[in-house]
Structure formats: C-alpha cells, structure tokens
>>> print(open('protein03.txt').read())   # compact mmCIF, C-alpha atoms
# COMPACT_ATOMS: atom_id res chain seq x y z
CA MET A 83 29.95 -9.42 -65.44
CA THR A 84 33.02 -10.54 -63.56
CA LYS A 85 33.82 -12.43 -60.42
CA LEU A 86 33.55 -10.15 -57.43
CA THR A 87 36.87 -10.01 -55.63
CA LYS A 88 38.21 -7.58 -53.06
CA ARG A 89 40.49 -5.91 -55.59
CA PHE A 90 37.70 -5.58 -58.17
CA VAL A 91 35.13 -4.27 -55.66
CA GLU A 92 37.44 -1.55 -54.41
CA ALA A 93 38.46 -0.56 -57.96
CA VAL A 94 34.89 -0.03 -59.28
CA GLU A 95 34.29 3.64 -60.03
CA PRO A 96 31.02 5.26 -58.84
CA GLN A 97 28.72 6.75 -61.49
CA ASN A 98 26.22 9.62 -61.47
CA LYS A 99 23.49 7.07 -60.83
CA GLY A 100 23.85 4.01 -58.70
CA HIS A 101 24.58 0.83 -60.65
CA VAL A 102 24.93 -2.90 -60.03
CA VAL A 103 27.77 -5.19 -61.03
CA TRP A 104 26.76 -8.85 -61.15
CA ASP A 105 28.97 -11.74 -60.18
CA ASP A 106 29.62 -14.17 -63.05
CA GLU A 107 30.17 -17.12 -60.72
CA LEU A 108 26.93 -17.01 -58.67
CA PRO A 109 23.80 -15.87 -60.56
CA GLY A 110 21.78 -13.33 -58.58
CA PHE A 111 24.73 -12.19 -56.46
CA GLY A 112 25.91 -8.64 -57.10
CA LEU A 113 27.51 -5.45 -55.91
CA ARG A 114 25.57 -2.21 -55.77
CA VAL A 115 27.70 0.91 -56.12
CA TYR A 116 26.16 4.22 -55.00
CA PRO A 117 27.12 7.67 -56.39
CA SER A 118 28.61 8.45 -52.95
CA GLY A 119 31.03 5.55 -53.32
CA LYS A 120 29.28 3.31 -50.84
CA ARG A 121 29.21 -0.37 -51.89
CA SER A 122 26.72 -3.04 -50.76
CA TYR A 123 26.34 -6.73 -51.58
CA ILE A 124 22.92 -7.81 -52.79
CA VAL A 125 20.97 -10.88 -53.90
CA GLN A 126 18.25 -10.75 -56.54
CA TYR A 127 15.74 -13.56 -56.95
CA ARG A 128 12.16 -14.37 -57.91
CA SER A 129 9.54 -15.41 -55.38
CA ARG A 130 5.88 -16.13 -56.19
CA GLY A 131 6.26 -14.51 -59.60
CA ARG A 132 7.88 -11.31 -58.28
CA SER A 133 11.46 -10.10 -58.59
CA ARG A 134 12.85 -9.35 -55.11
CA ARG A 135 16.12 -7.75 -54.03
CA TYR A 136 17.76 -8.38 -50.67
CA THR A 137 20.68 -6.33 -49.30
CA ILE A 138 23.25 -8.48 -47.51
CA GLY A 139 25.39 -5.65 -46.16
CA THR A 140 28.05 -3.07 -46.91
CA HIS A 141 31.54 -3.75 -48.19
CA GLY A 142 34.02 -3.49 -45.37
CA VAL A 143 31.70 -5.14 -42.89
CA TRP A 144 31.31 -7.95 -45.43
CA THR A 145 34.04 -9.27 -47.75
CA PRO A 146 33.21 -10.68 -51.21
CA GLU A 147 33.83 -14.20 -49.89
CA THR A 148 31.58 -13.94 -46.80
CA ALA A 149 28.90 -12.12 -48.81
CA ARG A 150 28.99 -14.86 -51.49
CA ARG A 151 28.51 -17.58 -48.84
CA GLU A 152 25.57 -15.64 -47.37
CA ALA A 153 24.10 -15.23 -50.87
CA LYS A 154 24.31 -19.00 -51.48
CA ALA A 155 22.47 -19.62 -48.17
CA LEU A 156 19.75 -17.09 -49.06
CA LEU A 157 19.27 -18.52 -52.56
CA GLY A 158 19.00 -21.95 -50.94
CA GLN A 159 16.12 -20.62 -48.81
CA VAL A 160 14.46 -19.27 -51.95
CA ALA A 161 14.80 -22.68 -53.64
CA HIS A 162 12.85 -24.18 -50.72
CA GLY A 163 10.04 -21.63 -50.97
CA GLY A 164 11.45 -18.95 -48.66
CA ASP A 165 11.43 -15.20 -49.22
CA PRO A 166 14.32 -13.53 -47.31
CA ALA A 167 13.22 -9.97 -48.20
CA GLU A 168 9.69 -10.56 -46.93
CA GLU A 169 10.96 -12.23 -43.76
CA ARG A 170 13.23 -9.25 -43.08
CA GLU A 171 10.30 -6.88 -43.58
CA GLU A 172 8.23 -8.92 -41.13
CA ASP A 173 11.09 -8.78 -38.65
CA ARG A 174 11.19 -5.01 -38.95
CA LYS A 175 7.45 -4.83 -38.34
CA ALA A 176 7.51 -7.39 -35.52
CA LEU A 177 5.80 -6.12 -32.38
CA THR A 178 8.13 -5.19 -29.53
CA ILE A 179 7.31 -5.64 -25.84
CA LYS A 180 6.92 -1.87 -25.53
CA GLN A 181 4.42 -1.73 -28.42
CA LEU A 182 2.49 -4.70 -27.02
CA CYS A 183 2.34 -3.03 -23.59
CA GLU A 184 1.07 0.23 -25.09
CA HIS A 185 -1.72 -1.66 -26.90
CA TYR A 186 -2.58 -3.44 -23.64
CA ILE A 187 -2.67 -0.17 -21.68
CA ALA A 188 -4.95 1.47 -24.29
CA GLU A 189 -7.43 -1.42 -24.15
CA MET A 190 -7.22 -1.61 -20.36
CA GLU A 191 -8.07 2.09 -20.06
CA ALA A 192 -10.95 1.57 -22.50
CA GLY A 193 -12.39 -1.11 -20.19
CA LEU A 194 -11.69 -3.96 -22.62
CA ILE A 195 -9.31 -5.87 -20.33
CA LEU A 196 -11.28 -7.79 -17.72
CA GLY A 197 -9.99 -8.26 -14.21
CA LYS A 198 -11.32 -9.98 -11.12
CA GLY A 199 -14.82 -11.43 -11.47
CA GLY A 200 -14.90 -10.71 -15.21
CA ARG A 201 -15.24 -6.95 -14.58
CA PRO A 202 -13.21 -4.16 -16.23
CA LYS A 203 -10.22 -3.20 -14.13
CA LYS A 204 -10.70 -0.34 -11.69
CA ASP A 205 -8.88 2.97 -12.09
CA THR A 206 -6.65 2.24 -9.09
CA THR A 207 -5.74 -1.18 -10.50
CA ILE A 208 -5.04 0.35 -13.92
CA ALA A 209 -2.77 2.97 -12.35
CA THR A 210 -0.85 0.26 -10.49
CA ASP A 211 -0.54 -1.92 -13.60
CA VAL A 212 0.64 1.01 -15.74
CA GLY A 213 3.25 1.83 -13.08
CA ARG A 214 4.60 -1.74 -13.16
CA ILE A 215 4.65 -1.76 -16.96
CA ARG A 216 6.47 1.56 -17.32
CA ARG A 217 8.84 1.13 -14.38
CA HIS A 218 9.79 -2.54 -14.65
CA ILE A 219 8.67 -4.31 -17.83
CA ILE A 220 9.47 -1.70 -20.49
CA PRO A 221 12.87 -0.62 -19.06
CA LEU A 222 14.06 -4.26 -18.96
CA LEU A 223 12.35 -5.76 -22.03
CA GLY A 224 10.85 -2.91 -24.07
CA THR A 225 13.03 -3.22 -27.19
CA ARG A 226 12.79 -7.01 -27.43
CA ARG A 227 10.43 -8.57 -29.99
CA VAL A 228 7.46 -10.32 -28.45
CA ARG A 229 7.91 -13.48 -30.50
CA ASP A 230 11.55 -13.83 -29.39
CA ILE A 231 10.77 -13.91 -25.66
CA THR A 232 11.44 -17.25 -23.97
CA LYS A 233 10.87 -18.71 -20.52
CA PRO A 234 14.56 -18.15 -19.56
CA ASP A 235 14.02 -14.46 -20.44
CA MET A 236 11.09 -14.41 -18.01
CA ASN A 237 13.17 -16.05 -15.31
CA ASN A 238 15.96 -13.48 -15.79
CA LEU A 239 13.45 -10.62 -15.71
CA MET A 240 12.03 -11.86 -12.41
CA LYS A 241 15.51 -12.13 -10.90
CA ASP A 242 16.41 -8.61 -12.09
CA ILE A 243 13.31 -7.12 -10.43
CA ILE A 244 13.97 -9.04 -7.20
CA ALA A 245 17.57 -7.78 -7.22
CA GLY A 246 16.34 -4.19 -7.60
CA LYS A 247 17.75 -3.60 -11.08
CA THR A 248 14.86 -1.22 -11.80
CA ARG A 249 15.33 0.70 -8.55
CA VAL A 250 14.89 4.43 -9.16
CA THR A 251 13.35 7.58 -7.67
CA MET A 252 11.34 9.54 -10.21
CA LYS A 253 9.05 12.57 -10.34
CA THR A 254 5.33 12.09 -10.88
CA GLU A 255 2.68 14.35 -12.41
CA LYS A 256 1.58 15.56 -8.97
CA LEU A 257 3.02 18.76 -7.55
CA ARG A 258 6.24 17.89 -5.71
CA GLY A 259 5.27 14.25 -6.21
CA LYS A 260 7.77 11.43 -6.56
CA ALA A 261 7.67 7.67 -6.96
CA ILE A 262 10.23 5.49 -5.23
CA VAL A 263 10.64 2.30 -7.29
CA ARG A 264 12.41 -0.34 -5.21
CA GLY A 265 11.67 -3.65 -6.91
CA GLY A 266 12.00 -6.68 -4.64
CA ARG A 267 10.31 -10.00 -4.16
CA GLY A 268 6.67 -8.88 -3.87
CA THR A 269 6.99 -6.48 -6.81
CA ALA A 270 8.55 -9.25 -8.93
CA ILE A 271 5.71 -11.70 -8.15
CA ARG A 272 3.00 -9.16 -9.02
CA THR A 273 4.81 -7.89 -12.12
CA MET A 274 5.24 -11.42 -13.48
CA GLY A 275 1.54 -12.05 -12.86
CA LEU A 276 0.69 -8.90 -14.82
CA LEU A 277 3.12 -9.85 -17.62
CA GLY A 278 1.47 -13.27 -17.81
CA GLY A 279 -1.83 -11.49 -18.45
CA ILE A 280 -0.23 -9.32 -21.13
CA PHE A 281 1.18 -12.38 -22.92
CA SER A 282 -2.23 -14.10 -22.68
CA TYR A 283 -3.64 -10.99 -24.37
CA ALA A 284 -0.96 -11.39 -27.09
CA VAL A 285 -1.90 -15.06 -27.58
CA GLU A 286 -5.59 -14.16 -27.99
CA ALA A 287 -4.60 -11.44 -30.51
CA GLY A 288 -2.59 -13.97 -32.54
CA VAL A 289 0.74 -12.22 -31.96
CA ILE A 290 2.32 -15.32 -30.40
CA GLU A 291 1.26 -18.94 -29.99
CA HIS A 292 2.40 -19.66 -26.44
CA ASN A 293 2.65 -17.69 -23.19
CA PRO A 294 6.31 -17.75 -22.06
CA THR A 295 5.33 -17.19 -18.40
CA HIS A 296 3.44 -20.51 -18.18
CA GLY A 297 5.20 -22.93 -15.87
CA LEU A 298 7.48 -20.22 -14.46
CA ARG A 299 8.47 -20.94 -10.87
CA LYS A 300 7.76 -17.85 -8.80
CA PRO A 301 8.80 -17.21 -5.19
CA LYS A 302 6.00 -17.57 -2.66
CA TYR A 303 4.34 -14.53 -1.18
CA GLN A 304 5.71 -13.57 2.18
CA VAL A 305 2.67 -13.93 4.42
CA ARG A 306 2.03 -10.83 6.51
CA ASP A 307 1.10 -12.24 9.91
CA ARG A 308 1.57 -9.11 12.03
CA ARG A 309 -1.37 -8.62 14.41
CA LEU A 310 -2.04 -6.48 17.43
CA SER A 311 -1.88 -7.96 20.88
CA GLU A 312 -4.48 -6.91 23.45
CA ALA A 313 -1.91 -4.61 25.06
CA GLU A 314 -1.21 -3.02 21.67
CA TYR A 315 -4.93 -2.43 21.16
CA ARG A 316 -4.93 -0.47 24.40
CA THR A 317 -1.90 1.52 23.16
CA LEU A 318 -3.73 2.17 19.89
CA GLY A 319 -6.71 3.47 21.85
CA ASP A 320 -4.47 5.99 23.64
CA ILE A 321 -2.95 7.16 20.33
CA LEU A 322 -6.35 7.61 18.69
CA ARG A 323 -7.82 9.50 21.67
CA GLN A 324 -4.90 11.92 21.60
CA ALA A 325 -5.18 12.35 17.82
CA GLN A 326 -8.92 13.10 18.09
CA GLN A 327 -8.06 16.15 20.18
CA SER A 328 -6.19 17.61 17.18
CA ASP A 329 -8.07 19.36 14.37
CA ARG A 330 -5.38 18.19 11.97
CA TYR A 331 -5.59 14.48 12.74
CA ARG A 332 -9.12 14.02 14.16
CA ILE A 333 -10.79 12.77 10.97
CA HIS A 334 -7.89 10.43 10.16
CA ALA A 335 -8.03 9.02 13.69
CA GLU A 336 -11.74 8.35 13.20
CA ILE A 337 -10.96 6.50 9.96
CA LEU A 338 -8.38 4.35 11.75
CA ARG A 339 -10.84 3.63 14.53
CA LEU A 340 -13.53 2.57 12.03
CA ILE A 341 -11.07 0.29 10.21
CA THR A 342 -10.16 -1.21 13.57
CA LEU A 343 -13.82 -1.84 14.47
CA THR A 344 -14.88 -3.23 11.07
CA GLY A 345 -11.86 -4.93 9.50
CA CYS A 346 -12.61 -3.08 6.26
CA ARG A 347 -9.96 -2.18 3.72
CA ARG A 348 -8.67 1.36 4.10
CA GLY A 349 -10.09 2.51 0.73
CA GLU A 350 -13.52 1.18 1.69
CA ILE A 351 -13.60 3.45 4.75
CA VAL A 352 -11.79 6.47 3.31
CA ASN A 353 -14.22 6.56 0.34
CA LEU A 354 -17.32 5.46 2.29
CA LYS A 355 -20.48 7.29 1.22
CA TRP A 356 -23.54 7.92 3.37
CA SER A 357 -25.63 6.23 0.67
CA GLU A 358 -23.71 3.02 1.45
CA VAL A 359 -24.49 3.16 5.18
CA ASP A 360 -27.51 1.07 6.22
CA LEU A 361 -28.01 1.79 9.91
CA GLU A 362 -31.27 -0.16 10.22
CA GLY A 363 -29.68 -3.21 8.59
CA SER A 364 -26.49 -2.78 10.64
CA CYS A 365 -24.32 -3.04 7.54
CA LEU A 366 -22.38 -1.19 4.88
CA ARG A 367 -23.63 -1.75 1.33
CA LEU A 368 -20.44 -1.04 -0.56
CA VAL A 369 -21.02 -0.37 -4.23
CA ASP A 370 -17.48 -0.88 -5.46
CA SER A 371 -15.20 -2.88 -3.16
CA LYS A 372 -12.33 -5.12 -4.26
CA GLU A 373 -14.86 -7.92 -4.71
CA GLY A 374 -17.38 -5.70 -6.50
CA SER A 375 -20.56 -4.75 -4.66
CA SER A 376 -20.43 -6.11 -1.12
CA VAL A 377 -22.70 -6.12 1.92
CA ARG A 378 -20.60 -5.83 5.08
CA PRO A 379 -22.15 -6.48 8.54
CA VAL A 380 -21.02 -4.03 11.23
CA GLY A 381 -21.34 -4.14 14.99
CA LEU A 382 -23.33 -1.91 17.31
CA PRO A 383 -20.31 0.32 18.21
CA VAL A 384 -19.98 1.20 14.52
CA VAL A 385 -23.72 1.83 14.12
CA GLU A 386 -23.75 4.12 17.16
CA PHE A 387 -20.73 6.09 15.87
CA LEU A 388 -22.33 6.62 12.45
CA GLU A 389 -25.70 7.54 14.01
CA LYS A 390 -23.99 10.14 16.16
CA GLU A 391 -22.00 11.67 13.28
CA ARG A 392 -24.70 11.66 10.59
CA PRO A 393 -26.56 14.84 11.72
CA HIS A 394 -23.29 16.83 11.84
CA ARG A 395 -21.94 15.91 8.42
CA THR A 396 -23.18 17.08 5.07
CA GLY A 397 -22.20 15.94 1.61
CA THR A 398 -21.71 12.59 -0.03
CA TYR A 399 -18.83 11.17 2.01
CA VAL A 400 -18.76 10.00 5.63
CA PHE A 401 -15.25 11.43 5.91
CA PRO A 402 -15.33 14.55 3.71
CA GLY A 403 -12.28 16.36 2.37
CA GLN A 404 -11.65 20.07 2.08
CA GLY A 405 -12.74 20.32 -1.56
CA ILE A 406 -16.25 20.39 -2.98
CA ASP A 407 -17.94 17.15 -1.95
CA ASN A 408 -14.96 14.79 -2.09
CA ALA A 409 -13.38 12.22 0.20
CA VAL A 410 -10.70 13.17 2.72
CA GLY A 411 -7.13 13.15 1.43
CA ASN A 412 -3.62 12.59 2.84
CA PHE A 413 -4.67 9.57 4.86
CA PRO A 414 -1.50 7.51 4.20
CA GLN A 415 0.73 10.36 5.31
CA SER A 416 -1.35 10.99 8.43
CA TRP A 417 -1.50 7.44 9.82
CA LYS A 418 2.25 7.06 9.28
CA LYS A 419 2.86 10.24 11.27
CA LEU A 420 0.46 9.14 14.01
CA PHE A 421 2.29 5.84 14.51
CA LYS A 422 5.81 7.17 14.04
CA ASP A 423 7.94 7.14 17.19
CA THR A 424 5.38 4.94 18.98
CA PRO A 425 5.40 1.22 19.84
CA LEU A 426 3.04 0.78 16.86
CA TRP A 427 5.49 2.24 14.29
CA ASP A 428 5.11 -0.86 12.07
CA VAL A 429 1.28 -0.96 12.12
CA THR A 430 -0.61 -0.33 8.88
CA PRO A 431 -4.34 -0.34 8.04
CA HIS A 432 -3.85 -3.86 6.70
CA VAL A 433 -2.50 -4.93 10.11
CA LEU A 434 -5.68 -3.54 11.70
CA ARG A 435 -7.76 -5.54 9.21
CA HIS A 436 -5.76 -8.70 9.85
CA SER A 437 -5.99 -8.14 13.61
CA PHE A 438 -9.80 -7.82 13.42
CA ALA A 439 -9.97 -11.20 11.65
CA SER A 440 -7.59 -12.71 14.21
CA ILE A 441 -9.71 -11.48 17.12
CA ALA A 442 -12.78 -13.01 15.45
CA ASN A 443 -10.91 -16.29 15.20
CA ASP A 444 -9.86 -16.03 18.88
CA LEU A 445 -13.51 -15.56 19.80
CA GLY A 446 -14.41 -18.83 18.07
CA PHE A 447 -16.06 -17.70 14.82
CA THR A 448 -15.73 -19.87 11.75
CA GLU A 449 -13.63 -19.01 8.73
CA ILE A 450 -16.68 -18.44 6.53
CA THR A 451 -18.19 -16.04 9.10
CA ILE A 452 -14.92 -14.11 9.38
CA ALA A 453 -14.70 -13.93 5.58
CA ALA A 454 -18.19 -12.38 5.49
CA LEU A 455 -17.27 -9.87 8.20
CA ILE A 456 -14.19 -8.55 6.38
CA GLY A 457 -15.47 -8.94 2.81
CA HIS A 458 -13.07 -11.66 1.74
CA ALA A 459 -13.78 -13.29 -1.62
CA LYS A 460 -14.49 -16.73 -0.17
CA GLY A 461 -17.33 -15.51 2.05
CA SER A 462 -18.31 -11.98 1.13
CA VAL A 463 -22.00 -11.17 0.83
CA THR A 464 -22.15 -9.78 -2.70
CA SER A 465 -25.79 -10.04 -3.75
CA LYS A 466 -27.41 -6.64 -4.21
CA TYR A 467 -30.75 -8.28 -3.41
CA VAL A 468 -29.80 -9.05 0.22
CA HIS A 469 -31.92 -6.71 2.37
CA THR A 470 -31.69 -8.40 5.78
CA LEU A 471 -28.50 -10.02 6.97
CA ASP A 472 -28.43 -13.25 8.93
CA SER A 473 -28.67 -12.51 12.66
CA THR A 474 -25.61 -14.71 13.14
CA LEU A 475 -23.50 -12.27 11.12
CA ILE A 476 -24.85 -9.27 13.04
CA MET A 477 -24.15 -11.07 16.33
CA ALA A 478 -20.62 -11.87 15.15
CA ALA A 479 -20.01 -8.24 14.14
CA ASP A 480 -21.37 -7.03 17.51
CA THR A 481 -19.16 -9.46 19.42
CA VAL A 482 -15.91 -8.70 17.59
CA SER A 483 -16.34 -4.93 17.33
CA GLY A 484 -17.55 -4.77 20.94
CA PHE A 485 -14.51 -6.72 22.11
CA VAL A 486 -12.13 -4.51 20.09
CA LYS A 487 -13.85 -1.33 21.31
CA ALA A 488 -13.37 -2.48 24.92
CA LEU A 489 -9.67 -3.10 24.24
CA LEU A 490 -9.29 0.38 22.75
CA GLU A 491 -10.87 1.80 25.89
CA GLY A 492 -8.31 0.04 28.07
CA VAL A 493 -10.27 -2.98 29.30
CA GLU A 494 -8.17 -6.00 30.27
CA PHE A 495 -9.80 -9.38 29.80
CA ARG A 496 -8.99 -12.51 31.69
CA ARG A 497 -10.03 -15.54 29.71
CA ASN A 498 -9.45 -19.26 30.08
CA THR A 499 -9.35 -21.73 27.25
CA TYR A 500 -12.74 -23.44 27.15
CA THR A 501 -11.30 -26.97 26.93
CA LEU A 502 -9.31 -26.46 30.14
CA ASP A 503 -11.87 -24.54 32.17
CA ARG A 504 -14.25 -27.12 33.70
CA GLN A 505 -16.47 -24.49 35.27
CA SER A 506 -17.10 -22.90 31.83
CA ARG A 507 -17.92 -26.31 30.41
CA GLN A 508 -20.34 -27.08 33.27
CA ASN A 509 -21.97 -23.65 32.89
CA ALA A 510 -22.48 -24.34 29.18
CA ILE A 511 -24.11 -27.71 29.96
CA ASN A 512 -26.38 -26.14 32.57
CA GLN A 513 -27.37 -23.39 30.13
CA MET A 514 -28.18 -25.96 27.45
CA LEU A 515 -30.31 -28.00 29.87
CA THR A 516 -32.15 -24.90 31.04
CA GLU A 517 -32.97 -23.86 27.48
CA SER A 518 -34.05 -27.41 26.57
CA ARG A 519 -36.29 -27.96 29.64
CA PRO A 520 -39.94 -28.16 28.56
CA THR A 521 -42.27 -25.46 29.77
CA ILE A 522 -45.24 -26.48 31.94
>>> encode(input="protein03.txt", output="structure tokens")
Amino acid sequence: MTKLTKRFVEAVEPQNKGHVVWDDELPGFGLRVYPSGKRSYIVQYRSRGRSRRYTIGTHGVWTPETARREAKALLGQVAHGGDPAEEREEDRKALTIKQLCEHYIAEMEAGLILGKGGRPKKDTTIATDVGRIRRHIIPLLGTRRVRDITKPDMNNLMKDIIAGKTRVTMKTEKLRGKAIVRGGRGTAIRTMGLLGGIFSYAVEAGVIEHNPTHGLRKPKYQVRDRRLSEAEYRTLGDILRQAQQSDRYRIHAEILRLITLTGCRRGEIVNLKWSEVDLEGSCLRLVDSKEGSSVRPVGLPVVEFLEKERPHRTGTYVFPGQGIDNAVGNFPQSWKKLFKDTPLWDVTPHVLRHSFASIANDLGFTEITIAALIGHAKGSVTSKYVHTLDSTLIMAADTVSGFVKALLEGVEFRRNTYTLDRQSRQNAINQMLTESRPTI
C-alpha cells in the first residue's frame, strides 16, 4: 500500500491479471490496473453486509487528487446508509421516455388504455397518438429518463413543437405514401395533452410520483369559425351538381352533400352502413361515432335520398368502395380537388358541419337541440334503447336540412329579424289566438 500520486499511478506496471493497488491514506480507495495498461480509480465498501465495489473513472479523465475527493464523498454517503453502486445500477436501469412510450403504445394497442367515455381508444385515435409519440415526443425527449423530467422540460418541449423543431417529411408504410410533419400550435396542444396522459400512466405504474405536465400553461385552441354564407351554399350546390356528372367524383360529391345536409362528421358518412340507417325512424343509428353509439336525427331530404339509393346499392356500406364490401376510399384527396381553384378552396368537411350547426342557430333552435342534431357530446342521443326520437328533433332536422337543400338548389331567402318585423310578430299572435280558441 502506498499513497496514490500521479507519478506512482503512471509508474505501476501491468500484470498478466488485473490487480488493485490500495491507497494507504484513505481506506477503501484504490487503483485498478488492467493487463492492457488501463487504470481506473475505485472505491470498495460494505453495505448491508455485502462488499461492494464502485468504479469512479479512468486515470487521465480523473487525477489521483480529484478521484480521492470523489471517494471521500462516496464513502460519506455509505456512512449515512447509501449504496453508490446500487444507485448507479438503478440509474442504468431507469426507464427512459422512449421505453415508457413503447410500454404505453403496447397497452394502448391491447385496449388497456381507456379514452373518451371510459372506452378503449379507437384504431384511428391510436394511429394518431402513435404518430405524435414517434414524430414529436421520442425525437425530442426519447433518451431522457422519466424521473428526471421537470415542468420546465415540458414547457421547452411545447415551445419546440410550436416552433416546428420536429418538422420533417417522411415515408409511410403505404405505397408512395408520405407524412408531412409540421408541428405548430395545434399539434403542440394535442401532443402535450397526450404526454400528460402518458405521465399519468407512469404515475399509476409507480414509475414517478408526480405528473410534470400538471399546471402547464398551454396556448388556447384557435377556434375555427369559418362557415358558409347563403351565397356560398349556392356555389357549393353548383360544384356538387357538376361533380355528380363525373363517374370519378360522383360518389364523393354525394358524401359531401350528405355531410352538408346532416352536419355529421366526415368519417360517420364515409363509413356509414345500411344497417345504421333507420328510414322509418328518420335517423342514423351510428354504432361507433366519436361519442360511442349515437342516434342522429336526419331530415326528410336525407331520408328521401337514402330511400332512392337503397335499391341500387348492394353490400354493407352506403358509399361502397371498389374492393370487396368496403367503404369508399380517397375521399380527402377528392374533396380537396373538387374545391381547388374555386371560391370554396378553404372549405373542409368540418366547415360544412360547423355551417350546418350555424344555420340551425340562425333558424332559432336551442344549443341542446343543435348538439343532438350533430352528435355533440353535450346533447347527443346515445342510448341504444331509444327507438322513437322526439318529434321536436325530427322537425328540427327537417327544417335545417330542408333550408340547406334549398340553398344548394339556388333558392334565395329574404328574411327579417323577428324582433324588428311587426307583421311577423302580429301573425304569430294571431296564430296563437287561433290555436287557443275553444271549439264549439
């Protein structure tokens, strides 16, 4: 034993087998010399009845003086009940964000992660979540340990996604398919919401104690308030009539028309099955909408369209594709092409849905009635036991879809605000008196 100095360390000769030279000044501190000539500083100690050895680092990176100071600190931890070797091993095994995300994806695909309404997430939702994990979360945080993540890290991640740091164009598994990852404000908000769910999953699994996304200030959603004017409805009618003359676009034009007349989500119409169409009940009994099973009242124009088409269409789907009994494909590409280079270039199926709700509001229907018409969570009819819808809902669906259908056909309405039109008010009073007059 001798005091480990720079001169002594560099003068020690390697042997056929690795050996250790102990420092005579600090018990437990030593130098390990390998047959190759490599030299490392170590600390040996006892913890819970076991002899443990901890490697501080190699000579050259560490000097005898800095290694001795580190050894004193480590032995001080041991004296207070610590175990540096075990802690290092735990650090090596500590779960990274990438590993946590892979566990989350596996359980999500197995139906063990519950989404809206306490139901397993849908395949489309899973695909979207996996895309956000692999394209935003893992590239920016994947190598970090879960337990080291802090709220400032979450704030920086959100800013990086908003700034487009993960922007990339990549190939997908589909033939000639590609994904354009842009990032941005909306993507950041949704990704942070997903990451909050992943950290909640980690808390429940005992990986961490607190969710670092809690209390994070997120930017507000940019409300999409685009709606069609009455003149734009008439333009839309012209576009759809022209498209229906084309074999290539006819079925997609019919889908757009049905979305326009019902306010349904595009997936609800694209994947609509004949088994979900209740013509006698004037409704669609959707088995798997965003809100789960949902009963959706539809107006007479929709009923008449479906009655007319039913005898001419075979198979499961109202809008069949070219394959064996599947739904029509390429809808997103088709509606974009139909609206391109037209005054409605910025119109999407969501705009048609929003416009339907806006027309219903213009016509005086209440928020709860509108919610039931479009299948919104706050008012959707979700009970599978509902066999006959309220006549008020059917009347509302008739009124809104009838009004929209007239606009598509080019009708121009001239309406006065009820509160300013005295004749309308007097007519309403007279009608009420007539209906209330007792019969003789």
>>> atom_distance(input="protein03.txt", atom1="atom CA of Lys154 of chain A", atom2="atom CA of Gly139 of chain A")
14.4 Å
>>> residues_around(input="protein03.txt", residues="Ala176 of chain A", least_positions_apart="4", cutoff="8 Å", atoms="all atoms listed in the file", output="short mmCIF file (atom, residue, chain, number, x, y, z; two decimals) with C-alpha atoms, in the coordinates of the input")
data_model
loop_
_atom_site.label_atom_id
_atom_site.label_comp_id
_atom_site.auth_asym_id
_atom_site.auth_seq_id
_atom_site.Cartn_x
_atom_site.Cartn_y
_atom_site.Cartn_z
CA GLU A 172 8.23 -8.92 -41.13
CA ARG A 227 10.43 -8.57 -29.99
CA VAL A 228 7.46 -10.32 -28.45
CA ARG A 229 7.91 -13.48 -30.50
#
>>> closest_residue(input="protein03.txt", among="A:Ala167, A:Ala245, A:Val212, A:Val369", to="Glu189 of chain A", atoms="only C-alpha atoms")
A:Val212
>>> closest_residue(input="protein03.txt", among="A:Ala313, A:Val410, A:Leu318, A:Ile271", to="Leu426 of chain A", atoms="only C-alpha atoms")
A:Leu318
>>> atom_distance(input="protein03.txt", atom1="atom CA of Ala325 of chain A", atom2="atom CA of Ser371 of chain A")
27.8 Å
